[in-house]
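Report on one structure; see the data block that follows.
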Amino acid sequence: MLNTAGLSLEQAPPIGVPLRFFLTAPWFAAAAGLLLAWGGADLLVTRWAPATLAAVHLLGLGFLGLVIAGATFQLLPVLVGAPVPAVGLVSRLVYGLFCAGTATLAAGFYVSSLPLQLAALALLGPGVAVLVVATLLALKRAKGSPDTVQAIGLSSLGLVIAAVLAATILFAFDARVGLLSLPAWVDLHLSWALVGWAGVLLVAVGVHLVPLFHVTPSYPRWFRHWAPVALFTLVLLATLAHALDDIVLRAVASGAAMLVLSAFAVLTLRFQSLRRRPVWDATLSFWWTGLGALLAASGAWLFGLPATVIGALALAGAAVAIPSGVLYKIVPFLAWFHLQGALMASGRLDKTAPHMKSFVPDAAAHAHFAVYATGFGLLVAALLGLETAAHAAGLAYAVASVMQGVTLLRGYRRYCAELG
Amino acid sequence: MEREVDVSALEPPEPFERILDALIDLQNGDWLRVRHRREPFPLYDVLRRGGYCWRTERQGDAVDILIWPAALAPPGNAPGPVC
C-alpha cells in the first residue's frame, strides 16, 4: 500500500520542483488546441499530416510528459519512500530539456524539417535519460511497496523503448532506409509511449492515488500487483509479434492490453462511485470523462475504427482529462502542505494554512471542465463526420488549457502571498 | 476527559486540519481520540514538534490514535506511547 511515511515534511521536494512542470504543461496543450483551431478537420484525416504530428507531440510530451515528470519527482518519496537524488538540479535539467525538445519537435513536424526533428531528439534524448536514471536511482533506494517500485521501473523502461523507437524512426528517415515499414514502427512507438510508459504508470499510481484522494475502497491486491506487469508484458509481446510478423499474436496481445486498461477504467469508475463522502467535484468530472474516453478508445480499437479516432480519444480524451483531474487534487494539496510546513517550522501550531480549495476555487475548476468537455464533444462530433466542428473543438481546447494554466498559476500566487 | 474526532471519511488534508483544530480546542486535562482510515504519518511530525504524545491502535481497516499533551500522564495508562 501507499507508504505515507514518505509524506513527512522533511522528505517532500521543494514545491517549485513539481509546480514548474504542472504550471507549464497546460500551455503546451493550448498550443495543440491552436493547431487544431487553425487546421481544422485536416488534422483528423490522417495521422501523418505535419500539424497532426505536431499536435500529438504537444499533447503527449508537452502536456502528459511534463505532468508525468513533475509527478514522478513529487510522488517517488510518497509512494516508495525514496526521494530523487539532487532533485533541484535534476528536475531543472529534465524541465529544460523536455520543454525545449518538445517545442523544437513540434516545430520540426509542423514545418516538416528533419534537421529540426533531429535537433529535438538531441534535447529530448538526454532529457529522457536524466529522468530515467534519476528515477531508477531513487527506486534502488526504495524502502517499501515492491509492487509500485517494479511498476515505476517498468514504465521507465517503457519510456526508454518509446524514445529509442522514435530515434530509430528519425534516423531511418534521415538515412532514407526502411521507410516501407514505417507505419508499423510508428505503431510500436505509439504503443510503448501510450501504454508501456503512460498506461503502466497510470495504473501503478492510480491504484494508490484514487483511494487516497477520493476516499474509495482499495483496489484488489491482485490487480495492484498484476495489472502494471501485465500491461508491460503485453506491449512486449506485441513488439515480439511484430518482429516475428505474427499478426494474430499481435492482435491478441494488443487486445489484452486494451482489456487491462479497460478493467482499470471500470474498477476506478466503480470505486469512485462508492467513495465514502459522495461530494461531486471537478476532479471527478475530469476523471470520469478521461476514463470514459479510455473505454471508448478501447472500443474503437476493437471495432477497427481509424487510428486518428483511437488516437484522439486516447490523447485528447484520456491523456488530457485524467491528468487534469489529478492536477486539481495535487496542486492545491501541495500548496496547503508546504504552507502548513512553513507554519510549523515557525512554531505556529495555533495557526493552520488556508483551506485547500482556496488555492483552486471550485468555480474555476468547473468552468475549465465545462469548456474542456465542450471541446472534447466537438472533437468527437468532428471525428463522426461533422468536419466544421474541428475548428471550434481546437479553439475550445486552447481556451480550456489557458483557463487551466491561469487557474494553477493563481493557486501558486496565492501560495506565495500566504507565505509572505 | 476524552474528546473524539472521526476523520475516516474525509479527503486529504481535511483529517489533518480537523485534528489540529481539535488539539487547539483541547481543554486542560483532556485528551483526543482520532478515528482514521489510515495511519497519519505526517501528523506525527507535528505532534512531536508540538509537545504531544500519542498511541496508535489498529482495529481491522480502522486506526485509532490517542493524543495527549506530553506534560500529562497517559490517559488510562496507555501503553507504549510515542512522544
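Identifiers in the C-alpha cells: chain A, B, ... in order shown; residue index from 1 per chain; ligand index from 1 in order shown.
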Quick one: residues within 12 Å of Ala227 of chain A, only C-alpha atoms, excluding same-chain residues fewer than 2 positions away - as a PDB file with C-alpha atoms, in the first residue's frame?
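Dumped everything to result_36.pdb:
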ATOM      1  CA  ASP A 147       4.788  -3.695  -6.488  1.00  0.00           C
ATOM      2  CA  THR A 148       4.958   0.062  -7.060  1.00  0.00           C
ATOM      3  CA  GLN A 150       8.530  -2.668 -10.013  1.00  0.00           C
ATOM      4  CA  ALA A 151       5.751  -0.881 -11.911  1.00  0.00           C
ATOM      5  CA  LEU A 154       8.806  -0.974 -15.913  1.00  0.00           C
ATOM      6  CA  VAL A 195       0.653   2.037 -22.943  1.00  0.00           C
ATOM      7  CA  GLY A 196       4.168   0.914 -21.959  1.00  0.00           C
ATOM      8  CA  GLY A 199      -0.538   3.424 -19.216  1.00  0.00           C
ATOM      9  CA  VAL A 200       1.645   1.388 -16.862  1.00  0.00           C
ATOM     10  CA  LEU A 201       2.282   4.495 -14.748  1.00  0.00           C
ATOM     11  CA  LEU A 202      -1.411   5.476 -14.750  1.00  0.00           C
ATOM     12  CA  VAL A 203      -2.422   2.080 -13.374  1.00  0.00           C
ATOM     13  CA  ALA A 204       0.509   1.803 -10.938  1.00  0.00           C
ATOM     14  CA  VAL A 205      -0.049   5.270  -9.438  1.00  0.00           C
ATOM     15  CA  GLY A 206      -3.831   5.438  -9.890  1.00  0.00           C
ATOM     16  CA  VAL A 207      -4.448   2.412  -7.648  1.00  0.00           C
ATOM     17  CA  TYR A 219      -8.236  -1.876  -5.410  1.00  0.00           C
ATOM     18  CA  PRO A 220      -7.875  -5.669  -5.077  1.00  0.00           C
ATOM     19  CA  ARG A 221      -4.322  -6.650  -4.189  1.00  0.00           C
ATOM     20  CA  TRP A 222      -4.054  -8.951  -7.222  1.00  0.00           C
ATOM     21  CA  PHE A 223      -4.952  -6.050  -9.509  1.00  0.00           C
ATOM     22  CA  ARG A 224      -2.444  -3.677  -7.875  1.00  0.00           C
ATOM     23  CA  HIS A 225       0.271  -6.281  -8.347  1.00  0.00           C
ATOM     24  CA  VAL A 229       3.144  -6.054 -15.065  1.00  0.00           C
ATOM     25  CA  ALA A 230       0.525  -7.489 -17.430  1.00  0.00           C
ATOM     26  CA  LEU A 231       0.310  -4.231 -19.411  1.00  0.00           C
ATOM     27  CA  PHE A 232       4.073  -4.047 -19.867  1.00  0.00           C
ATOM     28  CA  THR A 233       4.337  -7.747 -20.775  1.00  0.00           C
ATOM     29  CA  LEU A 234       1.551  -7.442 -23.349  1.00  0.00           C
ATOM     30  CA  ALA A 256      -5.443  -7.990 -23.951  1.00  0.00           C
ATOM     31  CA  ALA A 257      -3.611  -4.728 -23.159  1.00  0.00           C
ATOM     32  CA  MET A 258      -6.788  -2.797 -24.017  1.00  0.00           C
ATOM     33  CA  LEU A 259      -8.677  -5.174 -21.710  1.00  0.00           C
ATOM     34  CA  VAL A 260      -6.335  -4.424 -18.778  1.00  0.00           C
ATOM     35  CA  LEU A 261      -6.705  -0.662 -19.317  1.00  0.00           C
ATOM     36  CA  SER A 262     -10.478  -1.080 -19.587  1.00  0.00           C
ATOM     37  CA  ALA A 263     -10.521  -3.101 -16.357  1.00  0.00           C
ATOM     38  CA  PHE A 264      -8.672  -0.240 -14.642  1.00  0.00           C
ATOM     39  CA  ALA A 265     -11.223   2.224 -16.019  1.00  0.00           C
ATOM     40  CA  LEU A 267     -12.770  -0.573 -11.445  1.00  0.00           C
TER      41      LEU A 267
END
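Residues surrounding segment 1-7 of chain B within 6 Å are B:Pro15, B:Asp30, B:Trp31, B:Leu32, B:Arg33, B:Val34, B:Arg35, B:His36 [only C-alpha atoms; sequence separation below 6 positions excluded].
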| request: Find the residues near Pro14 of chain A: any atom within 12 Å, counting only C-alpha atoms, skip ones fewer than 6 places away on the same chain, and give them as a list of chain:residue names. | output: A:Arg20, A:Gly70, A:Phe73, A:Gln74, A:Pro83, A:Val84, A:Ala86, A:Val87, A:Gly88, A:Leu89, A:Ser91, A:Leu334, A:Ala335, A:Phe337, A:His338, A:Leu339, A:Gly341, A:Ala342
Enumerate, as a PDB file with C-alpha atoms, in the first residue's frame, the complete set of residues in chain B that a backbone-based DSSP assignment places in strand (DSSP E).
ATOM      1  CA  GLU B   2     -11.824  12.082  26.250  1.00  0.00           C
ATOM      2  CA  ARG B   3     -12.734  14.116  23.159  1.00  0.00           C
ATOM      3  CA  GLU B   4     -13.283  12.327  19.866  1.00  0.00           C
ATOM      4  CA  VAL B   5     -12.950  13.324  16.237  1.00  0.00           C
ATOM      5  CA  ASP B   6     -13.842  10.980  13.360  1.00  0.00           C
ATOM      6  CA  TRP B  31      -7.098  14.036  25.544  1.00  0.00           C
ATOM      7  CA  LEU B  32      -8.154  13.304  21.986  1.00  0.00           C
ATOM      8  CA  ARG B  33      -9.206  10.098  20.262  1.00  0.00           C
ATOM      9  CA  VAL B  34      -8.938  10.255  16.457  1.00  0.00           C
ATOM     10  CA  ARG B  35     -10.757   7.735  14.293  1.00  0.00           C
ATOM     11  CA  HIS B  36      -8.973   7.425  10.944  1.00  0.00           C
ATOM     12  CA  TYR B  52       2.196  15.808  22.293  1.00  0.00           C
ATOM     13  CA  CYS B  53       2.349  12.066  22.941  1.00  0.00           C
ATOM     14  CA  TRP B  54       0.283   9.542  21.006  1.00  0.00           C
ATOM     15  CA  ARG B  55      -0.554   5.872  20.786  1.00  0.00           C
ATOM     16  CA  THR B  56      -1.892   4.199  17.637  1.00  0.00           C
ATOM     17  CA  GLU B  57      -4.240   1.217  17.690  1.00  0.00           C
ATOM     18  CA  ARG B  58      -5.209  -0.714  14.544  1.00  0.00           C
ATOM     19  CA  GLN B  59      -8.669  -2.245  14.500  1.00  0.00           C
ATOM     20  CA  ALA B  62      -9.683   1.399  11.038  1.00  0.00           C
ATOM     21  CA  VAL B  63      -6.987   3.214  13.009  1.00  0.00           C
ATOM     22  CA  ASP B  64      -7.496   4.897  16.394  1.00  0.00           C
ATOM     23  CA  ILE B  65      -4.943   7.475  17.571  1.00  0.00           C
ATOM     24  CA  LEU B  66      -4.974   8.595  21.196  1.00  0.00           C
ATOM     25  CA  ILE B  67      -3.259  12.014  21.612  1.00  0.00           C
ATOM     26  CA  TRP B  68      -2.450  13.892  24.824  1.00  0.00           C
ATOM     27  CA  PRO B  69      -0.082  16.717  25.929  1.00  0.00           C
TER      28      PRO B  69
END
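What separates atom CA of Ser401 of chain A from atom CA of Pro26 of chain A is a distance of 5.1 Å.
With distances restricted to only C-alpha atoms, A:Gly40 is the closest residue to Ala382 of chain A from A:Pro146, A:Gly40, A:Gly60, A:Pro18.
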| query | By how many Å are atom CA of Pro75 of chain B and atom CA of Ser8 of chain B apart? | reply | 22.5 Å
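The residue set within 10 Å of Leu165 of chain A, counting only C-alpha atoms and dropping same-chain residues fewer than 4 places from it, reads A:Leu159, A:Val160, A:Ile161, A:Ile169, A:Leu170, A:Phe171, A:Trp185, A:Val186, A:Asp187, A:Leu188, A:His189, A:Leu190, A:Trp192, A:Ala193.
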Expected file contents, prior selection, C-alpha atoms, as an mmCIF file, in the first residue's frame:
data_model
loop_
_atom_site.group_PDB
_atom_site.id
_atom_site.type_symbol
_atom_site.label_atom_id
_atom_site.label_comp_id
_atom_site.auth_asym_id
_atom_site.auth_seq_id
_atom_site.Cartn_x
_atom_site.Cartn_y
_atom_site.Cartn_z
ATOM 1 C CA LEU A 159 9.725 5.379 -21.876
ATOM 2 C CA VAL A 160 13.255 4.368 -22.905
ATOM 3 C CA ILE A 161 11.923 1.936 -25.519
ATOM 4 C CA ILE A 169 12.394 6.199 -36.971
ATOM 5 C CA LEU A 170 14.054 9.629 -37.308
ATOM 6 C CA PHE A 171 17.462 8.174 -38.156
ATOM 7 C CA TRP A 185 7.432 1.175 -36.391
ATOM 8 C CA VAL A 186 5.314 4.217 -35.553
ATOM 9 C CA ASP A 187 2.598 1.931 -34.137
ATOM 10 C CA LEU A 188 5.190 0.342 -31.864
ATOM 11 C CA HIS A 189 6.482 3.771 -30.773
ATOM 12 C CA LEU A 190 2.909 4.804 -30.006
ATOM 13 C CA TRP A 192 5.268 1.963 -25.903
ATOM 14 C CA ALA A 193 4.666 5.679 -25.275
#
| task | Considering only C-alpha atoms, state which residue in the set B:Gly29, B:Leu20, B:Pro40, B:Asp45 is at the smallest distance from Ala73 of chain B. | result | B:Gly29
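The list of chain B residues within 6 Å of chain A is Ala9, Glu11, Phe41 and Pro42 of chain B; this uses only C-alpha atoms.
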| task | Excluding Thr289 of chain A and any residue of its chain fewer than 3 positions from it, enumerate the residues within 12 Å of it, using only C-alpha atoms, and give them as a PyMOL selection string. | result | chain A and resi 265+269+282-286+292-296+313-314+316-325+369-370+372-374+376-377
Those residues you just picked out, can you put them in a file as a short mmCIF file (atom, residue, chain, number, x, y, z; two decimals), in the first residue's frame with C-alpha atoms?
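Writing done, so here's again_29.cif:
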data_model
loop_
_atom_site.label_atom_id
_atom_site.label_comp_id
_atom_site.auth_asym_id
_atom_site.auth_seq_id
_atom_site.Cartn_x
_atom_site.Cartn_y
_atom_site.Cartn_z
CA ALA A 265 -11.22 2.22 -16.02
CA LEU A 269 -15.42 4.23 -12.03
CA ALA A 282 -14.45 18.97 -10.97
CA THR A 283 -11.74 16.40 -10.31
CA LEU A 284 -14.31 13.63 -10.68
CA SER A 285 -15.74 15.21 -13.83
CA PHE A 286 -12.27 15.04 -15.39
CA GLY A 292 -14.94 7.14 -20.50
CA ALA A 293 -12.58 8.22 -23.30
CA LEU A 294 -10.23 5.36 -22.39
CA LEU A 295 -13.10 2.86 -22.68
CA ALA A 296 -14.24 4.46 -25.93
CA LEU A 313 -9.94 9.55 -27.84
CA ALA A 314 -6.81 8.33 -26.04
CA ALA A 316 -7.24 14.46 -26.33
CA GLY A 317 -9.61 12.49 -24.06
CA ALA A 318 -7.91 10.21 -21.53
CA ALA A 319 -4.38 11.70 -21.59
CA VAL A 320 -5.65 15.25 -21.04
CA ALA A 321 -8.67 14.70 -18.75
CA ILE A 322 -7.19 12.24 -16.23
CA PRO A 323 -4.00 14.28 -15.56
CA SER A 324 -6.20 17.41 -15.26
CA GLY A 325 -8.25 15.66 -12.57
CA PHE A 369 -14.14 21.39 -17.22
CA ALA A 370 -17.19 22.85 -18.98
CA TYR A 372 -12.84 21.26 -21.97
CA ALA A 373 -15.90 18.97 -22.22
CA THR A 374 -17.35 21.22 -24.94
CA PHE A 376 -13.98 17.16 -26.44
CA GLY A 377 -17.62 16.86 -27.53
#
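Checking A:Trp48, A:Arg176, A:Leu75, A:Pro217 one by one against Asp61 of chain B, counting only C-alpha atoms, you find the shortest gap at A:Pro217.
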